file work_12.csv (CSV, C-alpha atoms)
chain,number,residue,atom,x,y,z
F,1,MET,CA,-173.1,29.5,29.0
F,2,LYS,CA,-170.4,27.9,31.3
F,3,ALA,CA,-168.3,29.4,34.1
F,4,ALA,CA,-165.7,28.1,36.5
F,5,THR,CA,-163.4,29.4,39.3
F,6,VAL,CA,-159.9,28.3,40.3
F,7,SER,CA,-157.6,29.5,43.1
F,8,PHE,CA,-153.9,29.9,43.7
F,9,ILE,CA,-151.7,30.0,46.8
F,10,GLY,CA,-148.0,30.6,46.3
F,11,LYS,CA,-145.4,33.1,45.1
F,12,TYR,CA,-146.5,35.5,42.4
F,13,THR,CA,-144.5,34.9,39.2
F,14,LEU,CA,-145.0,34.9,35.5
F,15,LYS,CA,-145.1,31.1,35.6
F,16,GLY,CA,-147.5,31.1,38.5
F,17,GLY,CA,-149.9,33.3,36.6
F,18,GLU,CA,-149.7,31.0,33.5
F,19,GLN,CA,-150.4,28.0,35.7
F,20,LEU,CA,-153.5,29.6,37.2
F,21,GLY,CA,-154.7,30.6,33.7
F,22,HIS,CA,-154.1,27.2,32.3
F,23,ARG,CA,-156.1,25.6,35.1
F,24,LEU,CA,-159.1,27.8,34.3
F,25,VAL,CA,-158.9,26.9,30.6
F,26,ALA,CA,-158.8,23.2,31.6
F,27,GLU,CA,-161.9,23.6,33.8
F,28,LEU,CA,-163.8,25.4,31.1
F,29,GLY,CA,-162.6,23.2,28.2
F,30,GLN,CA,-161.5,26.2,26.1
F,31,THR,CA,-160.2,29.7,26.5
F,32,PRO,CA,-162.7,32.1,28.3
F,33,ASP,CA,-164.5,35.0,26.8
F,34,ALA,CA,-164.1,37.0,30.1
F,35,CYS,CA,-162.2,36.6,33.3
F,36,TRP,CA,-162.2,38.1,36.9
F,37,LEU,CA,-159.2,38.1,39.1
F,38,PHE,CA,-159.2,39.0,42.8
F,39,CYS,CA,-156.0,38.6,44.8
F,40,ALA,CA,-153.9,39.6,47.8
F,41,PRO,CA,-151.5,42.5,47.2
F,42,ARG,CA,-148.0,40.9,47.0
F,43,GLU,CA,-144.7,41.3,45.3
F,44,GLY,CA,-144.5,39.9,41.8
F,45,LEU,CA,-148.2,40.8,40.9
F,46,GLU,CA,-147.4,42.5,37.6
F,47,GLY,CA,-145.6,39.4,36.2
F,48,PHE,CA,-148.3,37.2,37.6
F,49,LEU,CA,-151.0,39.2,35.7
F,50,GLN,CA,-149.0,39.0,32.5
F,51,GLY,CA,-148.6,35.3,32.8
F,52,LEU,CA,-152.3,34.8,33.4
F,53,GLY,CA,-153.2,36.9,30.4
F,54,GLN,CA,-150.9,34.8,28.2
F,55,ALA,CA,-152.7,31.7,29.3
F,56,VAL,CA,-156.3,32.8,29.1
F,57,LYS,CA,-155.8,34.6,25.8
F,58,THR,CA,-158.5,37.3,26.4
F,59,ALA,CA,-158.2,41.0,27.0
F,60,GLN,CA,-161.6,41.0,28.8
F,61,ILE,CA,-160.2,40.7,32.3
F,62,ILE,CA,-161.0,42.9,35.3
F,63,GLY,CA,-160.2,42.6,39.0
F,64,CYS,CA,-158.2,44.1,41.9
F,65,THR,CA,-156.3,43.5,45.1
F,66,THR,CA,-158.4,42.7,48.2
F,67,ASP,CA,-158.8,42.2,51.9
F,68,GLY,CA,-159.7,38.6,51.4
F,69,GLU,CA,-160.7,36.4,48.5
F,70,ILE,CA,-164.0,34.6,47.8
F,71,SER,CA,-164.4,31.6,45.5
F,72,SER,CA,-166.1,28.3,45.2
F,73,ASN,CA,-163.5,27.0,47.6
F,74,GLY,CA,-164.7,29.4,50.2
F,75,PHE,CA,-162.9,32.3,51.9
F,76,ASP,CA,-159.1,32.7,51.9
F,77,THR,CA,-156.5,35.4,52.3
F,78,ASP,CA,-153.1,35.8,50.7
F,79,SER,CA,-154.4,34.0,47.6
F,80,ALA,CA,-155.5,34.6,44.1
F,81,VAL,CA,-158.9,33.6,42.8
F,82,LEU,CA,-159.9,33.5,39.1
F,83,ALA,CA,-163.2,33.1,37.4
F,84,GLY,CA,-163.9,32.7,33.7
F,85,MET,CA,-166.9,32.4,31.4
F,86,ILE,CA,-167.6,31.1,28.0
F,87,THR,CA,-170.9,32.2,26.3
F,88,GLU,CA,-172.3,33.0,22.9
F,89,ASN,CA,-175.0,35.2,24.4
F,90,ILE,CA,-173.0,38.0,26.1
F,91,ASN,CA,-170.5,40.5,24.8
F,92,PHE,CA,-168.0,41.9,27.3
F,93,HIS,CA,-166.4,45.3,27.1
F,94,VAL,CA,-163.5,46.3,29.5
F,95,THR,CA,-162.5,49.9,29.9
F,96,TYR,CA,-160.7,52.0,32.5
F,97,VAL,CA,-159.8,55.5,33.6
F,98,GLU,CA,-156.8,56.7,35.6
F,99,ASN,CA,-156.2,59.5,38.0
F,100,ILE,CA,-159.6,59.3,39.6
F,101,SER,CA,-158.6,61.3,42.7
F,102,ALA,CA,-158.3,64.5,40.5
F,103,ASP,CA,-162.0,64.4,39.6
F,104,SER,CA,-164.0,61.2,40.4
F,105,GLU,CA,-167.2,62.4,38.8
F,106,ALA,CA,-165.4,63.3,35.5
F,107,ALA,CA,-163.8,59.9,35.7
F,108,GLY,CA,-167.2,58.3,35.9
F,109,ARG,CA,-168.4,60.2,32.9
F,110,LYS,CA,-165.4,59.2,30.9
F,111,LEU,CA,-165.8,55.6,31.9
F,112,ALA,CA,-169.5,55.6,30.7
F,113,GLN,CA,-168.5,57.3,27.4
F,114,GLN,CA,-166.1,54.5,26.7
F,115,LEU,CA,-168.7,51.8,27.0
F,116,PRO,CA,-170.9,50.8,24.0
F,117,PRO,CA,-174.6,52.0,24.0
F,118,ALA,CA,-175.9,48.5,24.0
F,119,VAL,CA,-174.5,47.8,27.6
F,120,ARG,CA,-177.2,46.5,30.0
F,121,HIS,CA,-175.1,45.8,33.1
F,122,ILE,CA,-171.8,47.1,34.4
F,123,GLN,CA,-169.3,45.8,36.9
F,124,LEU,CA,-167.3,48.5,38.5
F,125,ILE,CA,-164.0,48.2,40.4
F,126,SER,CA,-162.3,51.4,41.7
F,127,ASP,CA,-159.4,52.4,44.0
F,128,GLY,CA,-160.7,52.1,47.5
F,129,ILE,CA,-158.3,54.7,48.9
F,130,THR,CA,-158.0,57.5,46.4
F,131,GLY,CA,-161.4,57.7,44.6
F,132,ASN,CA,-164.8,59.0,45.6
F,133,GLY,CA,-167.1,56.1,44.7
F,134,CYS,CA,-170.3,58.2,45.1
F,135,ALA,CA,-168.9,60.8,42.6
F,136,ILE,CA,-167.9,58.0,40.1
F,137,LEU,CA,-171.5,56.8,40.2
F,138,ARG,CA,-172.8,60.3,39.6
F,139,GLY,CA,-170.6,60.5,36.6
F,140,LEU,CA,-171.8,57.2,35.2
F,141,HIS,CA,-175.4,58.1,35.8
F,142,SER,CA,-175.1,61.4,34.1
F,143,VAL,CA,-174.3,59.6,30.8
F,144,LEU,CA,-176.0,56.2,31.2
F,145,ASP,CA,-179.6,55.2,32.1
F,146,PRO,CA,-179.5,55.2,36.0
F,147,LYS,CA,-181.6,52.0,35.9
F,148,ILE,CA,-178.6,50.0,34.4
F,149,PRO,CA,-177.4,48.0,37.4
F,150,ILE,CA,-173.8,48.8,38.4
F,151,VAL,CA,-172.3,46.3,40.8
F,152,GLY,CA,-168.9,45.8,42.2
F,153,GLY,CA,-166.5,46.9,44.9
F,154,THR,CA,-163.6,49.1,45.8
F,155,ALA,CA,-160.1,47.7,45.8
F,156,ALA,CA,-158.3,47.0,49.0
F,157,ASP,CA,-154.8,46.2,50.2
F,158,GLY,CA,-155.5,44.0,53.2
F,159,ASP,CA,-155.7,46.2,56.4
F,160,ARG,CA,-152.8,48.5,55.4
F,161,PHE,CA,-154.8,51.3,53.6
F,162,GLN,CA,-151.7,52.3,51.6
F,163,ARG,CA,-152.1,51.5,47.9
F,164,THR,CA,-154.5,49.3,46.0
F,165,TRP,CA,-154.3,47.9,42.5
F,166,GLN,CA,-157.0,47.6,39.7
F,167,PHE,CA,-156.7,45.3,36.7
F,168,ALA,CA,-157.9,46.0,33.1
F,169,GLY,CA,-156.8,43.3,30.8
F,170,THR,CA,-153.1,42.8,31.8
F,171,ARG,CA,-152.7,46.4,32.9
F,172,MET,CA,-152.0,46.9,36.6
F,173,LEU,CA,-153.4,50.3,37.6
F,174,THR,CA,-153.7,52.4,40.7
F,175,ASP,CA,-155.8,55.4,41.4
F,176,ALA,CA,-158.1,54.0,38.7
F,177,ALA,CA,-161.6,52.7,38.0
F,178,VAL,CA,-162.1,49.8,35.7
F,179,ALA,CA,-165.5,48.6,34.3
F,180,MET,CA,-166.8,45.6,32.4
F,181,GLY,CA,-169.9,46.3,30.4
F,182,PHE,CA,-172.2,43.4,29.5
F,183,SER,CA,-174.5,43.4,26.5
F,184,GLY,CA,-176.5,40.7,24.9
F,185,LYS,CA,-178.9,38.1,26.2
F,186,PHE,CA,-178.7,37.4,29.9
F,187,ARG,CA,-180.4,38.0,33.3
F,188,ILE,CA,-179.1,39.7,36.5
F,189,GLY,CA,-180.2,38.9,40.0
F,190,LEU,CA,-179.4,41.4,42.8
F,191,GLY,CA,-179.3,41.2,46.5
F,192,VAL,CA,-177.9,43.4,49.3
F,193,GLY,CA,-177.8,43.0,53.1
F,194,SER,CA,-176.1,44.6,56.0
F,195,GLY,CA,-177.3,43.2,59.4
F,196,TRP,CA,-176.4,46.3,61.4
F,197,THR,CA,-178.9,47.6,64.0
F,198,PRO,CA,-179.3,51.3,64.9
F,199,VAL,CA,-178.8,52.2,68.6
F,200,GLY,CA,-179.4,55.4,70.5
F,201,ILE,CA,-181.1,58.5,69.2
F,202,GLY,CA,-181.0,60.0,65.7
F,203,ARG,CA,-178.9,63.0,65.1
F,204,LYS,CA,-178.7,65.5,62.2
F,205,VAL,CA,-175.7,66.1,60.0
F,206,THR,CA,-175.3,69.9,60.5
F,207,ARG,CA,-172.0,70.2,58.6
F,208,ALA,CA,-170.4,67.8,56.1
F,209,VAL,CA,-168.4,68.1,52.9
F,210,GLY,CA,-168.3,64.9,50.7
F,211,SER,CA,-167.2,62.1,52.9
F,212,ILE,CA,-166.0,64.3,55.7
F,213,LEU,CA,-168.4,64.7,58.6
F,214,TYR,CA,-167.7,67.9,60.7
F,215,GLU,CA,-170.7,68.3,62.9
F,216,LEU,CA,-173.7,66.4,64.4
F,217,ASN,CA,-176.4,68.5,66.0
F,218,GLY,CA,-174.0,71.5,65.8
F,219,LYS,CA,-171.2,69.7,67.8
F,220,PRO,CA,-167.9,68.3,66.5
F,221,ALA,CA,-168.5,64.9,65.0
F,222,LEU,CA,-165.5,63.3,66.8
F,223,GLU,CA,-166.7,64.6,70.1
F,224,VAL,CA,-170.1,63.1,69.6
F,225,TYR,CA,-168.7,59.8,68.4
F,226,SER,CA,-166.2,59.6,71.3
F,227,ARG,CA,-169.0,60.2,73.8
F,228,LEU,CA,-171.2,57.5,72.3
F,229,LEU,CA,-168.3,55.0,72.1
F,230,GLY,CA,-167.1,55.6,75.7
F,231,LYS,CA,-164.0,53.6,76.5
F,232,HIS,CA,-163.8,52.3,72.9
F,233,ALA,CA,-163.2,55.9,71.6
F,234,GLU,CA,-159.5,55.7,72.1
F,235,LEU,CA,-159.4,52.9,69.4
F,236,LEU,CA,-160.8,55.3,66.7
F,237,PRO,CA,-160.7,55.2,63.7
F,238,SER,CA,-160.2,51.4,63.6
F,239,VAL,CA,-163.0,50.6,66.0
F,240,GLY,CA,-165.4,52.8,64.0
F,241,VAL,CA,-165.9,50.0,61.4
F,242,GLU,CA,-167.6,48.0,64.3
F,243,TYR,CA,-170.0,51.0,64.9
F,244,PRO,CA,-170.9,52.3,61.5
F,245,LEU,CA,-173.2,55.2,60.8
F,246,ALA,CA,-176.7,54.6,59.3
F,247,LEU,CA,-178.1,57.2,57.0
F,248,LEU,CA,-181.8,57.2,58.0
F,249,ASP,CA,-183.2,59.6,55.4
F,250,GLU,CA,-180.5,60.2,52.8
F,251,ASN,CA,-182.5,61.1,49.7
F,252,THR,CA,-181.6,58.2,47.4
F,253,ALA,CA,-181.8,55.4,50.1
F,254,CYS,CA,-185.0,56.8,51.7
F,255,ALA,CA,-186.8,56.7,48.4
F,256,LEU,CA,-186.2,53.0,48.1
F,257,GLN,CA,-188.3,52.1,51.2
F,258,ASP,CA,-186.7,48.7,51.3
F,259,GLN,CA,-187.7,46.5,54.3
F,260,ASP,CA,-184.6,44.2,54.0
F,261,TYR,CA,-182.2,47.1,53.6
F,262,PRO,CA,-183.6,50.3,55.1
F,263,TYR,CA,-180.3,52.1,55.8
F,264,LEU,CA,-177.3,53.1,53.7
F,265,MET,CA,-174.3,52.4,55.8
F,266,ARG,CA,-171.1,54.5,56.3
F,267,ALA,CA,-167.8,53.3,57.8
F,268,THR,CA,-165.1,55.4,59.4
F,269,MET,CA,-161.8,55.7,57.6
F,270,ALA,CA,-159.9,58.4,59.6
F,271,VAL,CA,-160.3,61.0,62.3
F,272,ASN,CA,-158.9,64.5,62.6
F,273,PRO,CA,-158.5,65.6,66.3
F,274,GLN,CA,-157.5,69.1,65.2
F,275,ASP,CA,-160.9,70.0,63.7
F,276,GLY,CA,-163.0,67.2,65.2
F,277,SER,CA,-164.0,65.7,61.9
F,278,ILE,CA,-164.4,62.1,60.8
F,279,LYS,CA,-163.7,60.8,57.3
F,280,PHE,CA,-166.0,58.0,56.1
F,281,ALA,CA,-165.7,55.5,53.2
F,282,GLY,CA,-168.6,57.2,51.4
F,283,GLU,CA,-170.3,60.6,51.2
F,284,VAL,CA,-172.4,61.8,54.2
F,285,PRO,CA,-175.0,64.3,53.0
F,286,GLU,CA,-175.4,67.5,55.0
F,287,GLY,CA,-178.9,67.6,56.5
F,288,ALA,CA,-179.3,63.8,56.7
F,289,ARG,CA,-180.5,62.1,59.9
F,290,VAL,CA,-178.1,59.4,61.2
F,291,ARG,CA,-177.8,56.9,63.9
F,292,LEU,CA,-174.9,54.8,65.3
F,293,THR,CA,-175.3,51.1,64.7
F,294,CYS,CA,-173.8,47.9,66.0
F,295,GLY,CA,-173.6,44.4,64.5
F,296,GLU,CA,-173.6,40.8,65.8
F,297,PRO,CA,-172.2,37.9,63.7
F,298,HIS,CA,-175.5,36.0,63.5
F,299,CYS,CA,-177.3,39.2,62.3
F,300,ILE,CA,-174.6,39.8,59.6
F,301,LEU,CA,-174.8,36.2,58.4
F,302,GLU,CA,-178.6,36.3,58.2
F,303,ALA,CA,-178.4,39.5,56.1
F,304,SER,CA,-176.0,37.7,53.7
F,305,LYS,CA,-178.5,34.9,53.4
F,306,ARG,CA,-181.3,37.3,52.6
F,307,ALA,CA,-179.2,39.0,50.0
F,308,ILE,CA,-178.5,35.7,48.1
F,309,ARG,CA,-182.2,34.7,48.4
F,310,ARG,CA,-183.3,38.0,46.9
F,311,ALA,CA,-180.8,37.7,44.1
F,312,LYS,CA,-182.1,34.2,43.3
F,313,SER,CA,-185.7,35.5,43.4
F,314,ASP,CA,-184.7,38.3,41.0
F,315,LEU,CA,-183.6,35.8,38.4
F,316,GLY,CA,-187.1,34.4,38.1
F,317,GLU,CA,-187.0,31.3,35.8
F,318,ALA,CA,-183.4,32.1,34.7
F,319,ARG,CA,-180.7,29.8,35.9
F,320,PRO,CA,-177.6,31.2,37.6
F,321,ALA,CA,-174.3,30.6,35.8
F,322,LEU,CA,-171.9,32.6,38.0
F,323,ALA,CA,-172.3,34.3,41.4
F,324,PHE,CA,-170.4,37.5,42.4
F,325,CYS,CA,-170.1,38.4,46.1
F,326,PHE,CA,-168.7,41.8,47.2
F,327,SER,CA,-168.6,42.1,50.9
F,328,CYS,CA,-167.1,44.7,53.2
F,329,MET,CA,-163.9,44.2,55.1
F,330,ALA,CA,-165.7,45.4,58.3
F,331,ARG,CA,-168.0,42.4,58.1
F,332,LYS,CA,-164.9,40.2,58.1
F,333,ILE,CA,-163.7,41.9,61.3
F,334,ILE,CA,-167.0,41.4,63.1
F,335,LEU,CA,-167.5,37.8,61.9
F,336,GLY,CA,-164.0,36.9,63.0
F,337,ARG,CA,-163.7,33.1,63.3
F,338,HIS,CA,-167.2,32.9,61.6
F,339,ILE,CA,-166.0,34.5,58.4
F,340,LYS,CA,-166.0,31.3,56.4
F,341,GLU,CA,-169.7,31.0,57.2
F,342,GLU,CA,-170.7,34.0,55.0
F,343,VAL,CA,-169.4,32.3,51.9
F,344,GLN,CA,-170.7,28.9,53.0
F,345,ALA,CA,-174.2,30.3,53.4
F,346,ILE,CA,-174.1,31.6,49.8
F,347,LYS,CA,-172.8,28.3,48.6
F,348,GLU,CA,-175.6,26.4,50.4
F,349,GLU,CA,-178.3,28.7,48.9
F,350,LEU,CA,-177.0,28.3,45.4
F,351,GLY,CA,-175.9,24.7,45.4
F,352,PRO,CA,-172.6,23.2,44.3
F,353,GLN,CA,-173.2,23.7,40.6
F,354,VAL,CA,-172.9,27.5,40.6
F,355,PRO,CA,-169.4,28.9,40.7
F,356,ILE,CA,-168.7,31.9,43.1
F,357,ILE,CA,-166.1,34.7,42.8
F,358,GLY,CA,-165.7,37.9,44.8
F,359,PHE,CA,-163.7,39.7,47.5
F,360,TYR,CA,-163.7,41.7,50.7
F,361,SER,CA,-163.6,45.4,49.9
F,362,TYR,CA,-163.4,48.9,51.2
F,363,GLY,CA,-166.8,49.7,49.7
F,364,GLU,CA,-169.5,48.0,47.6
F,365,TYR,CA,-171.5,49.1,44.5
F,366,SER,CA,-175.1,47.9,43.9
F,367,PRO,CA,-178.7,49.0,43.5
F,368,VAL,CA,-180.8,47.9,46.4
F,369,LYS,CA,-183.3,46.5,44.0
F,370,GLN,CA,-183.8,46.4,40.2
F,371,GLY,CA,-184.8,49.6,38.4
F,372,THR,CA,-183.2,51.9,41.0
F,373,PRO,CA,-179.9,53.7,40.8
F,374,SER,CA,-176.7,52.0,42.1
F,375,LEU,CA,-175.3,53.2,45.4
F,376,LEU,CA,-172.0,53.1,47.1
F,377,HIS,CA,-172.4,51.0,50.3
F,378,ASN,CA,-170.2,50.3,53.3
F,379,GLU,CA,-170.5,47.4,55.8
F,380,THR,CA,-172.7,45.5,53.3
F,381,ALA,CA,-172.7,42.3,51.3
F,382,CYS,CA,-173.7,42.8,47.7
F,383,VAL,CA,-174.5,39.6,45.6
F,384,SER,CA,-175.2,39.5,41.9
F,385,LEU,CA,-176.1,36.4,39.9
F,386,LEU,CA,-175.4,36.3,36.1
F,387,GLY,CA,-178.1,34.0,34.7
F,388,TYR,CA,-179.5,32.7,31.5
F,389,GLU,CA,-182.8,31.3,30.3
F,390,SER,CA,-182.8,27.5,30.4

call {"tool": "encode", "arguments": {"input": "work_12.csv", "output": "structure tokens"}}
result
Amino acid sequence: MKAATVSFIGKYTLKGGEQLGHRLVAELGQTPDACWLFCAPREGLEGFLQGLGQAVKTAQIIGCTTDGEISSNGFDTDSAVLAGMITENINFHVTYVENISADSEAAGRKLAQQLPPAVRHIQLISDGITGNGCAILRGLHSVLDPKIPIVGGTAADGDRFQRTWQFAGTRMLTDAAVAMGFSGKFRIGLGVGSGWTPVGIGRKVTRAVGSILYELNGKPALEVYSRLLGKHAELLPSVGVEYPLALLDENTACALQDQDYPYLMRATMAVNPQDGSIKFAGEVPEGARVRLTCGEPHCILEASKRAIRRAKSDLGEARPALAFCFSCMARKIILGRHIKEEVQAIKEELGPQVPIIGFYSYGEYSPVKQGTPSLLHNETACVSLLGYES
């Protein structure tokens, strides 16, 4: 098993895609069995993807547009990062569904039905604007064993929140979910971390539908949020990512009782002054207890370190061949000039021999620990290690 990552900064063209693909093939010494592409949303992307596909000569490609790219070279923006793997022990299966906004749960069921029954691990990339990630997971879990780890992120388009793109092979899709199923002989190590600290008193969600929160303790959610944020309230919804909501007793998360990750986080996406509601980047269950949180750069970085350490511990005696990091764009905002330190911390924990690939997303998929159902996270770093027995 061998993996490598390469990066590209320049104009997206067919030739540019071919150059990036050829560089990966040269690093690996042969054409890869599977590839992962994460890149900034820019003009010429479709041709770039076609050129890359021609060079790597595999249809087993997944990826998406981002709010920042992660690779063995560190953190970057306005770039393209590509990883590839050659292995005799893993079979890769890429599939996709479109029009997920119409019925995200049905899309998840269809995605699961298109994967072979031998699949033991799934990477999931979905549109971060149009789809309901929680519903996609429900659809997947209704068909597959919920203990199969599903890890990934939701596609982004920088800080524009207009349109994101997902990749399946050389297909460039939007309003879609793409999945790569893994079957064969391998190990997966998982780790998640947030670093946000609850502040103030807990409140009860008295009215919510899906990802839209209408009332807290019987009062309009926007009114409660505005009072808590004080002078910062006028900056909603953008400032909301700096003060996410922690679900204290949401059924799935509460059952995990995980000391390193006790709360499922929710980030604001939009506010509606007319009805006083707030839309979040994931579902907020009616009846849940919630608290506002805040984060400091050093706490966020420490959480990232705990995540990679847990993922390493999860592997046991297996050796990591490739690391995936899916981190929330809100973490990028809080970290500011310290942003490069998040990837650097992961690199230091793994050592220079393990390639890294990933991106900053609008939402993250991962179980909190092995043997539990995957969840949609916000404001969180999710790390997975693909390993093999030495």

call {"tool": "atom_distance", "arguments": {"input": "work_12.csv", "atom1": "CA of Glu46 (chain F)", "atom2": "CA of Asn378 (chain F)"}}
result
28.8 Å

call {"tool": "closest_residue", "arguments": {"input": "work_12.csv", "among": "F:Ile308, F:Ala179, F:Ile9, F:Leu140", "to": "Phe92 (chain F)", "atoms": "all atoms listed in the file"}}
result
F:Ala179

call {"tool": "atom_distance", "arguments": {"input": "work_12.csv", "atom1": "CA of Ile201 (chain F)", "atom2": "CA of Pro237 (chain F)"}}
result
21.4 Å

call {"tool": "closest_residue", "arguments": {"input": "work_12.csv", "among": "F:Thr170, F:Thr87, F:Ser71, F:Ser366", "to": "Thr154 (chain F)", "atoms": "only C-alpha atoms"}}
result
F:Ser366

call {"tool": "atom_distance", "arguments": {"input": "work_12.csv", "atom1": "CA of Ala112 (chain F)", "atom2": "CA of Tyr388 (chain F)"}}
result
25.0 Å

call {"tool": "closest_residue", "arguments": {"input": "work_12.csv", "among": "F:Arg337, F:Thr380, F:Val354, F:Arg227", "to": "Leu264 (chain F)", "atoms": "all atoms listed in the file"}}
result
F:Thr380

call {"tool": "closest_residue", "arguments": {"input": "work_12.csv", "among": "F:Ser194, F:Glu389, F:Gln274, F:Pro220", "to": "Cys294 (chain F)", "atoms": "only C-alpha atoms"}}
result
F:Ser194

call {"tool": "residues_around", "arguments": {"input": "work_12.csv", "residues": "Lys185 (chain F)", "least_positions_apart": "4", "cutoff": "12 Å", "atoms": "only C-alpha atoms", "output": "list of chain:residue names"}}
result
F:Met1, F:Thr87, F:Glu88, F:Asn89, F:Ile90, F:Asn91, F:Phe92, F:Ala118, F:Val119, F:Arg120, F:His121, F:Ala318, F:Leu386, F:Gly387, F:Tyr388, F:Glu389
